[in-house]
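Peer 1: work-v4.txt is reproduced below (compact mmCIF, C-alpha atoms).
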# COMPACT_ATOMS: atom_id res chain seq x y z
CA MET A 22 55.96 31.13 -10.19
CA LYS A 23 58.71 32.07 -12.64
CA THR A 24 59.62 35.75 -12.30
CA THR A 25 59.74 36.27 -16.05
CA ASN A 26 56.12 35.11 -16.25
CA ILE A 27 55.12 37.99 -14.01
CA VAL A 28 57.28 40.48 -15.94
CA SER A 29 55.87 39.29 -19.25
CA ALA A 30 52.30 39.36 -17.94
CA VAL A 31 52.69 42.93 -16.66
CA LEU A 32 54.22 44.16 -19.91
CA ARG A 33 51.51 42.42 -21.95
CA VAL A 34 48.77 44.03 -19.87
CA ILE A 35 50.36 47.47 -20.25
CA VAL A 36 50.69 47.19 -24.04
CA ALA A 37 47.19 45.72 -24.35
CA GLY A 38 45.86 48.53 -22.18
CA ILE A 39 47.44 51.17 -24.43
CA ALA A 40 45.86 49.52 -27.47
CA LEU A 41 42.43 49.31 -25.85
CA VAL A 42 42.43 52.89 -24.55
CA SER A 43 43.55 54.16 -27.96
CA GLY A 44 40.89 52.07 -29.66
CA ILE A 45 38.15 53.44 -27.42
CA ILE A 46 39.27 57.00 -28.12
CA VAL A 47 39.20 56.37 -31.88
CA LEU A 48 35.78 54.71 -31.61
CA VAL A 49 34.33 57.61 -29.63
CA ASP A 50 35.74 60.16 -32.08
CA GLY A 51 35.08 58.33 -35.33
CA GLY A 52 32.06 56.16 -34.65
CA PRO A 53 31.46 52.50 -35.56
CA LYS A 54 33.00 52.84 -39.02
CA VAL A 55 36.49 52.89 -37.50
CA LEU A 56 35.98 49.24 -36.58
CA LEU A 57 36.67 48.51 -40.24
CA THR A 58 40.14 50.05 -40.10
CA PHE A 59 43.03 47.62 -39.98
CA THR A 60 44.66 49.68 -37.24
CA VAL A 61 41.80 49.15 -34.82
CA GLN A 62 41.43 45.48 -35.72
CA SER A 63 45.13 44.63 -35.39
CA ASN A 64 45.46 46.47 -32.07
CA ALA A 65 42.33 44.72 -30.78
CA MET A 66 43.67 41.31 -31.83
CA MET A 67 46.94 41.98 -30.06
CA ALA A 68 45.13 43.18 -26.92
CA VAL A 69 42.97 40.04 -26.71
CA SER A 70 45.92 37.74 -27.37
CA PHE A 71 48.19 39.48 -24.86
CA LEU A 72 45.55 39.67 -22.13
CA TRP A 73 44.73 35.99 -22.60
CA THR A 74 48.40 35.08 -22.34
CA ALA A 75 48.91 37.32 -19.30
CA HIS A 76 45.95 35.67 -17.55
CA THR A 77 47.29 32.17 -18.17
CA LEU A 78 50.79 33.12 -17.02
CA VAL A 79 49.57 34.50 -13.70
CA TRP A 80 47.03 31.76 -13.00
CA ARG A 81 49.28 28.94 -14.21
CA LYS A 82 46.92 27.78 -16.90
CA HIS A 83 47.73 26.50 -20.38
CA THR A 84 49.15 29.39 -22.36
CA PRO A 85 47.63 30.02 -25.79
CA PRO A 86 49.41 28.40 -28.75
CA GLU A 87 52.45 30.37 -29.83
CA TRP A 88 51.08 30.93 -33.33
CA LEU A 89 48.23 33.00 -31.86
CA SER A 90 50.54 35.54 -30.28
CA GLY A 91 52.66 35.50 -33.43
CA SER A 92 49.57 36.14 -35.56
CA SER A 93 48.55 39.24 -33.67
CA VAL A 94 52.12 40.56 -33.71
CA PHE A 95 52.32 39.96 -37.48
CA TYR A 96 49.16 41.96 -38.20
CA LEU A 97 50.24 44.74 -35.88
CA ALA A 98 53.63 44.85 -37.60
CA ILE A 99 51.78 45.41 -40.89
CA THR A 100 49.94 48.31 -39.26
CA GLY A 101 53.22 49.91 -38.24
CA ILE A 102 54.93 49.32 -41.57
CA VAL A 103 52.06 50.62 -43.71
CA TYR A 104 51.62 53.69 -41.54
CA ASN A 105 55.30 54.62 -41.50
CA PHE A 106 56.29 53.67 -45.06
CA VAL A 107 53.14 53.81 -47.18
CA LEU A 108 50.92 56.40 -45.55
CA ARG A 109 52.13 59.76 -44.38
CA PRO A 110 52.68 59.85 -40.60
CA GLU A 111 51.10 62.82 -38.89
CA SER A 112 53.24 65.85 -38.14
CA PRO A 113 54.23 66.39 -34.50
CA GLY A 114 51.60 68.42 -32.69
CA SER A 115 48.93 67.83 -35.35
CA SER A 116 46.77 65.90 -32.87
CA PRO A 117 46.45 66.13 -29.08
CA ASP A 118 48.57 64.01 -26.79
CA VAL A 119 46.81 61.04 -25.24
CA LEU A 120 49.38 59.19 -23.16
CA PHE A 121 53.04 59.75 -22.24
CA GLY A 122 53.06 62.86 -24.40
CA LEU A 123 52.21 60.80 -27.48
CA SER A 124 49.26 61.09 -29.81
CA ASN A 125 46.74 58.31 -30.31
CA SER A 126 48.07 57.72 -33.83
CA THR A 127 51.63 57.33 -32.60
CA LEU A 128 50.54 54.93 -29.90
CA THR A 129 48.63 52.62 -32.24
CA HIS A 130 50.97 52.81 -35.23
CA VAL A 131 54.40 52.99 -33.59
CA VAL A 132 54.39 52.17 -29.88
CA THR A 133 52.17 49.08 -29.81
CA PRO A 134 53.74 47.45 -32.92
CA ILE A 135 57.28 47.88 -31.59
CA ALA A 136 56.38 46.87 -28.04
CA ALA A 137 54.40 43.81 -29.17
CA MET A 138 57.22 42.64 -31.44
CA ALA A 139 59.77 43.08 -28.65
CA ILE A 140 57.65 41.09 -26.18
CA TRP A 141 57.11 38.34 -28.73
CA ILE A 142 60.84 38.06 -29.45
CA VAL A 143 62.02 38.20 -25.84
CA PHE A 144 59.37 36.33 -23.86
CA ASP A 145 57.62 33.87 -26.20
CA GLU A 146 58.89 30.34 -26.56
CA HIS A 147 60.05 29.90 -30.13
CA ARG A 148 60.44 27.26 -32.85
CA ARG A 149 56.75 26.47 -32.50
CA ILE A 150 54.99 28.28 -35.34
CA PRO A 151 54.38 25.89 -38.27
CA TRP A 152 55.71 26.96 -41.65
CA ARG A 153 52.22 26.74 -43.13
CA PHE A 154 51.39 29.96 -41.30
CA VAL A 155 53.46 31.82 -43.88
CA TRP A 156 50.32 31.50 -46.03
CA ILE A 157 47.66 31.11 -43.36
CA TRP A 158 48.43 34.58 -41.99
CA LEU A 159 47.68 36.06 -45.41
CA VAL A 160 44.14 34.63 -45.48
CA TYR A 161 42.90 37.22 -42.99
CA LEU A 162 44.33 40.01 -45.15
CA VAL A 163 42.44 38.74 -48.19
CA ALA A 164 39.24 38.41 -46.12
CA TYR A 165 39.72 41.96 -44.82
CA LEU A 166 40.00 43.31 -48.36
CA VAL A 167 36.90 41.41 -49.48
CA VAL A 168 34.89 42.88 -46.61
CA ILE A 169 36.19 46.40 -47.22
CA PHE A 170 35.42 46.41 -50.94
CA THR A 171 32.00 44.85 -50.30
CA VAL A 172 31.13 47.58 -47.81
CA ILE A 173 32.45 50.30 -50.14
CA ALA A 174 30.28 48.96 -52.95
CA GLY A 175 27.18 48.53 -50.82
CA VAL A 176 27.25 51.55 -48.51
CA ASP A 177 27.24 54.95 -50.19
CA SER A 178 28.37 56.79 -47.09
CA TYR A 179 31.44 54.60 -46.62
CA SER A 180 34.69 55.36 -48.42
CA ALA A 181 38.01 53.55 -48.54
CA PRO A 182 39.71 53.67 -45.13
CA TYR A 183 43.13 54.09 -46.76
CA PRO A 184 44.15 56.03 -49.90
CA PHE A 185 45.76 53.02 -51.59
CA LEU A 186 42.37 51.27 -51.54
CA ASP A 187 40.59 54.19 -53.19
CA VAL A 188 39.47 53.06 -56.66
CA THR A 189 38.20 56.56 -57.45
CA LEU A 190 41.67 57.94 -56.83
CA HIS A 191 43.83 55.24 -58.43
CA GLY A 192 41.45 53.29 -60.65
CA VAL A 193 40.85 49.56 -60.47
CA GLY A 194 44.20 48.76 -62.09
CA GLY A 195 46.11 51.10 -59.79
CA VAL A 196 44.55 49.63 -56.66
CA ALA A 197 45.04 46.08 -57.92
CA TRP A 198 48.72 46.72 -58.66
CA ARG A 199 49.29 48.24 -55.23
CA LEU A 200 47.63 45.28 -53.54
CA VAL A 201 49.79 42.80 -55.46
CA VAL A 202 52.92 44.66 -54.35
CA TYR A 203 51.78 45.00 -50.74
CA MET A 204 50.60 41.39 -50.44
CA SER A 205 53.94 40.22 -51.82
CA CYS A 206 55.70 42.31 -49.18
CA PHE A 207 53.45 40.92 -46.47
CA ALA A 208 54.22 37.38 -47.61
CA VAL A 209 57.92 38.19 -47.24
CA LEU A 210 57.27 39.64 -43.79
CA SER A 211 55.33 36.53 -42.80
CA ALA A 212 58.16 34.28 -43.98
CA ALA A 213 60.71 36.48 -42.20
CA MET A 214 58.82 36.33 -38.89
CA ILE A 215 58.45 32.57 -38.98
CA THR A 216 62.09 32.19 -40.02
CA LEU A 217 63.02 34.34 -37.03
CA ASP A 218 60.84 32.18 -34.83
CA HIS A 219 62.75 29.08 -35.97
CA VAL A 220 66.16 30.76 -35.66
CA LEU A 221 65.66 32.08 -32.13
CA SER A 222 66.37 29.79 -29.20
CA GLU A 223 63.43 27.62 -28.23
CA ARG A 224 63.74 28.83 -24.65
CA THR A 225 65.97 31.33 -22.86
CA ALA A 226 66.28 32.52 -19.28
CA LEU A 227 63.65 35.15 -20.10
CA SER A 228 61.18 32.85 -21.84
CA GLU A 229 57.72 32.35 -20.35
CA PHE A 230 57.17 29.01 -18.68
CA ASP A 231 53.97 27.01 -18.97
CA PRO A 232 53.93 24.28 -16.28
CA HIS A 233 51.37 22.35 -18.33
CA ASP A 234 53.30 22.78 -21.54
CA GLN A 235 53.34 20.09 -24.16
CA LYS A 236 55.52 21.00 -27.06
CA ARG A 237 53.50 22.06 -30.07
CA SER A 238 55.66 20.68 -32.82
CA CYS A 239 56.16 22.53 -36.04
Go ahead and render the structure in this file as structure tokens.
Peer 2:
Amino acid sequence: MKTTNIVSAVLRVIVAGIALVSGIIVLVDGGPKVLLTFTVQSNAMMAVSFLWTAHTLVWRKHTPPEWLSGSSVFYLAITGIVYNFVLRPESPGSSPDVLFGLSNSTLTHVVTPIAAMAIWIVFDEHRRIPWRFVWIWLVYLVAYLVVIFTVIAGVDSYSAPYPFLDVTLHGVGGVAWRLVVYMSCFAVLSAAMITLDHVLSERTALSEFDPHDQKRSC
């Protein structure tokens, strides 16, 4: 078995484990409603994708298609970007440490996005994500917004999970304008990630190796 497969599998399990533990803590503290937060959903998607890949690497099975890992990394990157540049990151010491001296918020908004992106860049085989995913990746974001606004309208006890989605605070026009700007930025991010995928070497000495691999053409 290729050594880098083992290294990649171990790192994927560690990062997925951090995401899952953090998600459980948030769920216990906040209840089922936190399942509608993009942070929990993106971390969960990454955890499932990474654990699936780790399993196939160790047991020499077909690895998942590269676009799947890329998808979860893309959504997690959005989580990190929105938290650090749109929302206001928590002040040091404002919440208890959970792991490695870091708070749950730091783990899910900073550590897992950076770690997942690094693993995707270094270990994934590249030049395999079709260009059409520049737009396909945005479909989930639109579906997420539809669900959120439907729940807000139908459940009195549920409020917007993020300030920029709060119609009461910004008005319909204000929220709509923010979403246009953010979706445009996410489209650029999507295009940038897939461009990076096509620019990086298809395989390197550190790339994962699937013995059953059949090239998934772009």
Peer 1: Measuring between all atoms listed in the file, which one of A:Ile150, A:Leu41, A:Val107, A:Leu89 shows the shortest distance to Cys206 in chain A?
Peer 2: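 Once distances to Cys206 in chain A are computed over all atoms listed in the file, the minimum belongs to A:Val107.
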Peer 1: What is the distance between CA of Ser178 in chain A and CA of Gly192 in chain A, in Å to one decimal?
Peer 2: 19.2 Å
Peer 1: I need the residue nearest Ala181 in chain A from this list: A:Val132, A:Ala30, A:Leu97, A:Leu57. Use only C-alpha atoms for the distance.
Peer 2: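 That would be A:Leu57, the residue with the smallest distance to Ala181 in chain A.
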Peer 1: Around the point (51.8, 30.4, -13.0), in the coordinates given by the file, pick out the residues reaching within 12 Å, counting all atoms listed in the file, and return them as an MDAnalysis selection string.
Peer 2: chainID A and resid 22:30 74:84 229:234
Peer 1: Export C-alpha atoms of the chosen residues as a PDB file, in the coordinates of the input?
Peer 2:
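selection_1.pdb, written as the output of this step:
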ATOM      1  CA  MET A  22      55.960  31.130 -10.190  1.00  0.00           C
ATOM      2  CA  LYS A  23      58.710  32.070 -12.640  1.00  0.00           C
ATOM      3  CA  THR A  24      59.620  35.750 -12.300  1.00  0.00           C
ATOM      4  CA  THR A  25      59.740  36.270 -16.050  1.00  0.00           C
ATOM      5  CA  ASN A  26      56.120  35.110 -16.250  1.00  0.00           C
ATOM      6  CA  ILE A  27      55.120  37.990 -14.010  1.00  0.00           C
ATOM      7  CA  VAL A  28      57.280  40.480 -15.940  1.00  0.00           C
ATOM      8  CA  SER A  29      55.870  39.290 -19.250  1.00  0.00           C
ATOM      9  CA  ALA A  30      52.300  39.360 -17.940  1.00  0.00           C
ATOM     10  CA  THR A  74      48.400  35.080 -22.340  1.00  0.00           C
ATOM     11  CA  ALA A  75      48.910  37.320 -19.300  1.00  0.00           C
ATOM     12  CA  HIS A  76      45.950  35.670 -17.550  1.00  0.00           C
ATOM     13  CA  THR A  77      47.290  32.170 -18.170  1.00  0.00           C
ATOM     14  CA  LEU A  78      50.790  33.120 -17.020  1.00  0.00           C
ATOM     15  CA  VAL A  79      49.570  34.500 -13.700  1.00  0.00           C
ATOM     16  CA  TRP A  80      47.030  31.760 -13.000  1.00  0.00           C
ATOM     17  CA  ARG A  81      49.280  28.940 -14.210  1.00  0.00           C
ATOM     18  CA  LYS A  82      46.920  27.780 -16.900  1.00  0.00           C
ATOM     19  CA  HIS A  83      47.730  26.500 -20.380  1.00  0.00           C
ATOM     20  CA  THR A  84      49.150  29.390 -22.360  1.00  0.00           C
ATOM     21  CA  GLU A 229      57.720  32.350 -20.350  1.00  0.00           C
ATOM     22  CA  PHE A 230      57.170  29.010 -18.680  1.00  0.00           C
ATOM     23  CA  ASP A 231      53.970  27.010 -18.970  1.00  0.00           C
ATOM     24  CA  PRO A 232      53.930  24.280 -16.280  1.00  0.00           C
ATOM     25  CA  HIS A 233      51.370  22.350 -18.330  1.00  0.00           C
ATOM     26  CA  ASP A 234      53.300  22.780 -21.540  1.00  0.00           C
TER      27      ASP A 234
END
Peer 1: Which residues are near Ala98 in chain A? Cut-off 8 Å, all atoms listed in the file, ignore same chain within fewer than 6 positions. Put them as a PDB file with C-alpha atoms, keeping the file's coordinate frame.
Peer 2:
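Generated output (result-v3.pdb):
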ATOM      1  CA  PRO A 134      53.740  47.450 -32.920  1.00  0.00           C
ATOM      2  CA  ILE A 135      57.280  47.880 -31.590  1.00  0.00           C
ATOM      3  CA  MET A 138      57.220  42.640 -31.440  1.00  0.00           C
TER       4      MET A 138
END
Peer 1: Using all atoms listed in the file, which of A:Thr216, A:Asn105, A:Gln62, A:Thr133 sits nearest Ala37 in chain A?
Peer 2: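 Once distances to Ala37 in chain A are computed over all atoms listed in the file, the minimum belongs to A:Thr133.
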Peer 1: Kindly indicate which residue among A:Phe59, A:Arg33, A:Phe95, A:Ser90 lies nearest to Leu166 in chain A, using only C-alpha atoms for the distances.
Peer 2: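 With only C-alpha atoms as the atom set, the closest residue is A:Phe59.
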Peer 1: When you count only C-alpha atoms, which of these residues is closest to Leu128 in chain A: A:Gly101, A:Gly195, A:Pro151, A:Gly91?
Peer 2: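 Checking each of A:Gly101, A:Gly195, A:Pro151, A:Gly91 against Leu128 in chain A, counting only C-alpha atoms, the winner is A:Gly101.
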Peer 1: When you draw a straight line from CA of Val193 in chain A to CA of Tyr179 in chain A, how long is it in Å?
Peer 2: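 Computed distance, CA of Val193 in chain A to CA of Tyr179 in chain A, equals 17.5 Å.
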Peer 1: Once 3 Å is added on each side, what centre and edge lengths in Å to one decimal does the axis-aligned box around all listed atoms of range 158-166 of chain A have, as AutoDock Vina command-line options?
Peer 2:
--center_x 43.8 --center_y 38.9 --center_z -45.2 --size_x 15.2 --size_y 14.7 --size_z 12.4
Peer 1: Separation of CA of Ile169 in chain A and CA of Arg153 in chain A, in Å?
Peer 2: 25.7 Å
Peer 1: Once N, CA and C atoms are restored for range 54-87 of chain A, what would the output be as a PDB file, in the coordinates of the input?
Peer 2:
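Contents of the output file out-v5.pdb:
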ATOM      1  N   LYS A  54      32.306  53.119 -37.762  1.00  0.00           N
ATOM      2  CA  LYS A  54      33.000  52.840 -39.020  1.00  0.00           C
ATOM      3  C   LYS A  54      34.490  52.597 -38.822  1.00  0.00           C
ATOM      4  N   VAL A  55      35.060  53.099 -37.727  1.00  0.00           N
ATOM      5  CA  VAL A  55      36.490  52.890 -37.500  1.00  0.00           C
ATOM      6  C   VAL A  55      36.809  51.432 -37.179  1.00  0.00           C
ATOM      7  N   LEU A  56      35.766  50.662 -36.849  1.00  0.00           N
ATOM      8  CA  LEU A  56      35.980  49.240 -36.580  1.00  0.00           C
ATOM      9  C   LEU A  56      36.446  48.499 -37.830  1.00  0.00           C
ATOM     10  N   LEU A  57      36.242  49.113 -38.989  1.00  0.00           N
ATOM     11  CA  LEU A  57      36.670  48.510 -40.240  1.00  0.00           C
ATOM     12  C   LEU A  57      38.098  48.892 -40.616  1.00  0.00           C
ATOM     13  N   THR A  58      38.747  49.703 -39.814  1.00  0.00           N
ATOM     14  CA  THR A  58      40.140  50.050 -40.100  1.00  0.00           C
ATOM     15  C   THR A  58      41.050  48.946 -39.601  1.00  0.00           C
ATOM     16  N   PHE A  59      42.096  48.685 -40.345  1.00  0.00           N
ATOM     17  CA  PHE A  59      43.030  47.620 -39.980  1.00  0.00           C
ATOM     18  C   PHE A  59      43.771  47.964 -38.695  1.00  0.00           C
ATOM     19  N   THR A  60      43.983  49.243 -38.457  1.00  0.00           N
ATOM     20  CA  THR A  60      44.660  49.680 -37.240  1.00  0.00           C
ATOM     21  C   THR A  60      43.903  49.240 -36.005  1.00  0.00           C
ATOM     22  N   VAL A  61      42.612  49.522 -35.980  1.00  0.00           N
ATOM     23  CA  VAL A  61      41.800  49.150 -34.820  1.00  0.00           C
ATOM     24  C   VAL A  61      41.737  47.633 -34.682  1.00  0.00           C
ATOM     25  N   GLN A  62      41.551  46.928 -35.778  1.00  0.00           N
ATOM     26  CA  GLN A  62      41.430  45.480 -35.720  1.00  0.00           C
ATOM     27  C   GLN A  62      42.722  44.819 -35.245  1.00  0.00           C
ATOM     28  N   SER A  63      43.861  45.244 -35.772  1.00  0.00           N
ATOM     29  CA  SER A  63      45.130  44.630 -35.390  1.00  0.00           C
ATOM     30  C   SER A  63      45.481  44.921 -33.936  1.00  0.00           C
ATOM     31  N   ASN A  64      45.202  46.143 -33.478  1.00  0.00           N
ATOM     32  CA  ASN A  64      45.460  46.470 -32.070  1.00  0.00           C
ATOM     33  C   ASN A  64      44.535  45.682 -31.150  1.00  0.00           C
ATOM     34  N   ALA A  65      43.286  45.497 -31.580  1.00  0.00           N
ATOM     35  CA  ALA A  65      42.330  44.720 -30.780  1.00  0.00           C
ATOM     36  C   ALA A  65      42.756  43.252 -30.700  1.00  0.00           C
ATOM     37  N   MET A  66      43.207  42.705 -31.823  1.00  0.00           N
ATOM     38  CA  MET A  66      43.670  41.310 -31.830  1.00  0.00           C
ATOM     39  C   MET A  66      44.848  41.124 -30.881  1.00  0.00           C
ATOM     40  N   MET A  67      45.785  42.057 -30.945  1.00  0.00           N
ATOM     41  CA  MET A  67      46.940  41.980 -30.060  1.00  0.00           C
ATOM     42  C   MET A  67      46.507  42.070 -28.600  1.00  0.00           C
ATOM     43  N   ALA A  68      45.589  42.996 -28.296  1.00  0.00           N
ATOM     44  CA  ALA A  68      45.130  43.180 -26.920  1.00  0.00           C
ATOM     45  C   ALA A  68      44.499  41.908 -26.368  1.00  0.00           C
ATOM     46  N   VAL A  69      43.631  41.285 -27.150  1.00  0.00           N
ATOM     47  CA  VAL A  69      42.970  40.040 -26.710  1.00  0.00           C
ATOM     48  C   VAL A  69      43.995  38.939 -26.501  1.00  0.00           C
ATOM     49  N   SER A  70      44.894  38.779 -27.461  1.00  0.00           N
ATOM     50  CA  SER A  70      45.920  37.740 -27.370  1.00  0.00           C
ATOM     51  C   SER A  70      46.825  37.954 -26.165  1.00  0.00           C
ATOM     52  N   PHE A  71      47.273  39.191 -25.969  1.00  0.00           N
ATOM     53  CA  PHE A  71      48.190  39.480 -24.860  1.00  0.00           C
ATOM     54  C   PHE A  71      47.504  39.353 -23.505  1.00  0.00           C
ATOM     55  N   LEU A  72      46.255  39.797 -23.402  1.00  0.00           N
ATOM     56  CA  LEU A  72      45.550  39.670 -22.130  1.00  0.00           C
ATOM     57  C   LEU A  72      45.279  38.206 -21.797  1.00  0.00           C
ATOM     58  N   TRP A  73      44.951  37.428 -22.803  1.00  0.00           N
ATOM     59  CA  TRP A  73      44.730  35.990 -22.600  1.00  0.00           C
ATOM     60  C   TRP A  73      46.025  35.333 -22.103  1.00  0.00           C
ATOM     61  N   THR A  74      47.123  35.650 -22.746  1.00  0.00           N
ATOM     62  CA  THR A  74      48.400  35.080 -22.340  1.00  0.00           C
ATOM     63  C   THR A  74      48.777  35.522 -20.927  1.00  0.00           C
ATOM     64  N   ALA A  75      48.590  36.803 -20.633  1.00  0.00           N
ATOM     65  CA  ALA A  75      48.910  37.320 -19.300  1.00  0.00           C
ATOM     66  C   ALA A  75      48.096  36.591 -18.229  1.00  0.00           C
ATOM     67  N   HIS A  76      46.819  36.375 -18.498  1.00  0.00           N
ATOM     68  CA  HIS A  76      45.950  35.670 -17.550  1.00  0.00           C
ATOM     69  C   HIS A  76      46.462  34.250 -17.289  1.00  0.00           C
ATOM     70  N   THR A  77      46.833  33.550 -18.340  1.00  0.00           N
ATOM     71  CA  THR A  77      47.290  32.170 -18.170  1.00  0.00           C
ATOM     72  C   THR A  77      48.635  32.109 -17.460  1.00  0.00           C
ATOM     73  N   LEU A  78      49.487  33.108 -17.688  1.00  0.00           N
ATOM     74  CA  LEU A  78      50.790  33.120 -17.020  1.00  0.00           C
ATOM     75  C   LEU A  78      50.650  33.317 -15.520  1.00  0.00           C
ATOM     76  N   VAL A  79      49.753  34.201 -15.133  1.00  0.00           N
ATOM     77  CA  VAL A  79      49.570  34.500 -13.700  1.00  0.00           C
ATOM     78  C   VAL A  79      48.849  33.364 -12.988  1.00  0.00           C
ATOM     79  N   TRP A  80      47.845  32.793 -13.648  1.00  0.00           N
ATOM     80  CA  TRP A  80      47.030  31.760 -13.000  1.00  0.00           C
ATOM     81  C   TRP A  80      47.491  30.340 -13.319  1.00  0.00           C
ATOM     82  N   ARG A  81      48.652  30.234 -13.947  1.00  0.00           N
ATOM     83  CA  ARG A  81      49.280  28.940 -14.210  1.00  0.00           C
ATOM     84  C   ARG A  81      48.369  28.009 -15.010  1.00  0.00           C
ATOM     85  N   LYS A  82      47.759  28.570 -15.999  1.00  0.00           N
ATOM     86  CA  LYS A  82      46.920  27.780 -16.900  1.00  0.00           C
ATOM     87  C   LYS A  82      47.691  27.526 -18.192  1.00  0.00           C
ATOM     88  N   HIS A  83      47.113  26.724 -19.075  1.00  0.00           N
ATOM     89  CA  HIS A  83      47.730  26.500 -20.380  1.00  0.00           C
ATOM     90  C   HIS A  83      47.824  27.830 -21.122  1.00  0.00           C
ATOM     91  N   THR A  84      49.012  28.176 -21.560  1.00  0.00           N
ATOM     92  CA  THR A  84      49.150  29.390 -22.360  1.00  0.00           C
ATOM     93  C   THR A  84      48.605  29.139 -23.764  1.00  0.00           C
ATOM     94  N   PRO A  85      48.141  30.188 -24.425  1.00  0.00           N
ATOM     95  CA  PRO A  85      47.630  30.020 -25.790  1.00  0.00           C
ATOM     96  C   PRO A  85      48.739  29.494 -26.702  1.00  0.00           C
ATOM     97  N   PRO A  86      48.387  28.872 -27.813  1.00  0.00           N
ATOM     98  CA  PRO A  86      49.410  28.400 -28.750  1.00  0.00           C
ATOM     99  C   PRO A  86      50.251  29.561 -29.263  1.00  0.00           C
ATOM    100  N   GLU A  87      51.518  29.304 -29.466  1.00  0.00           N
ATOM    101  CA  GLU A  87      52.450  30.370 -29.830  1.00  0.00           C
ATOM    102  C   GLU A  87      52.081  31.050 -31.151  1.00  0.00           C
TER     103      GLU A  87
END
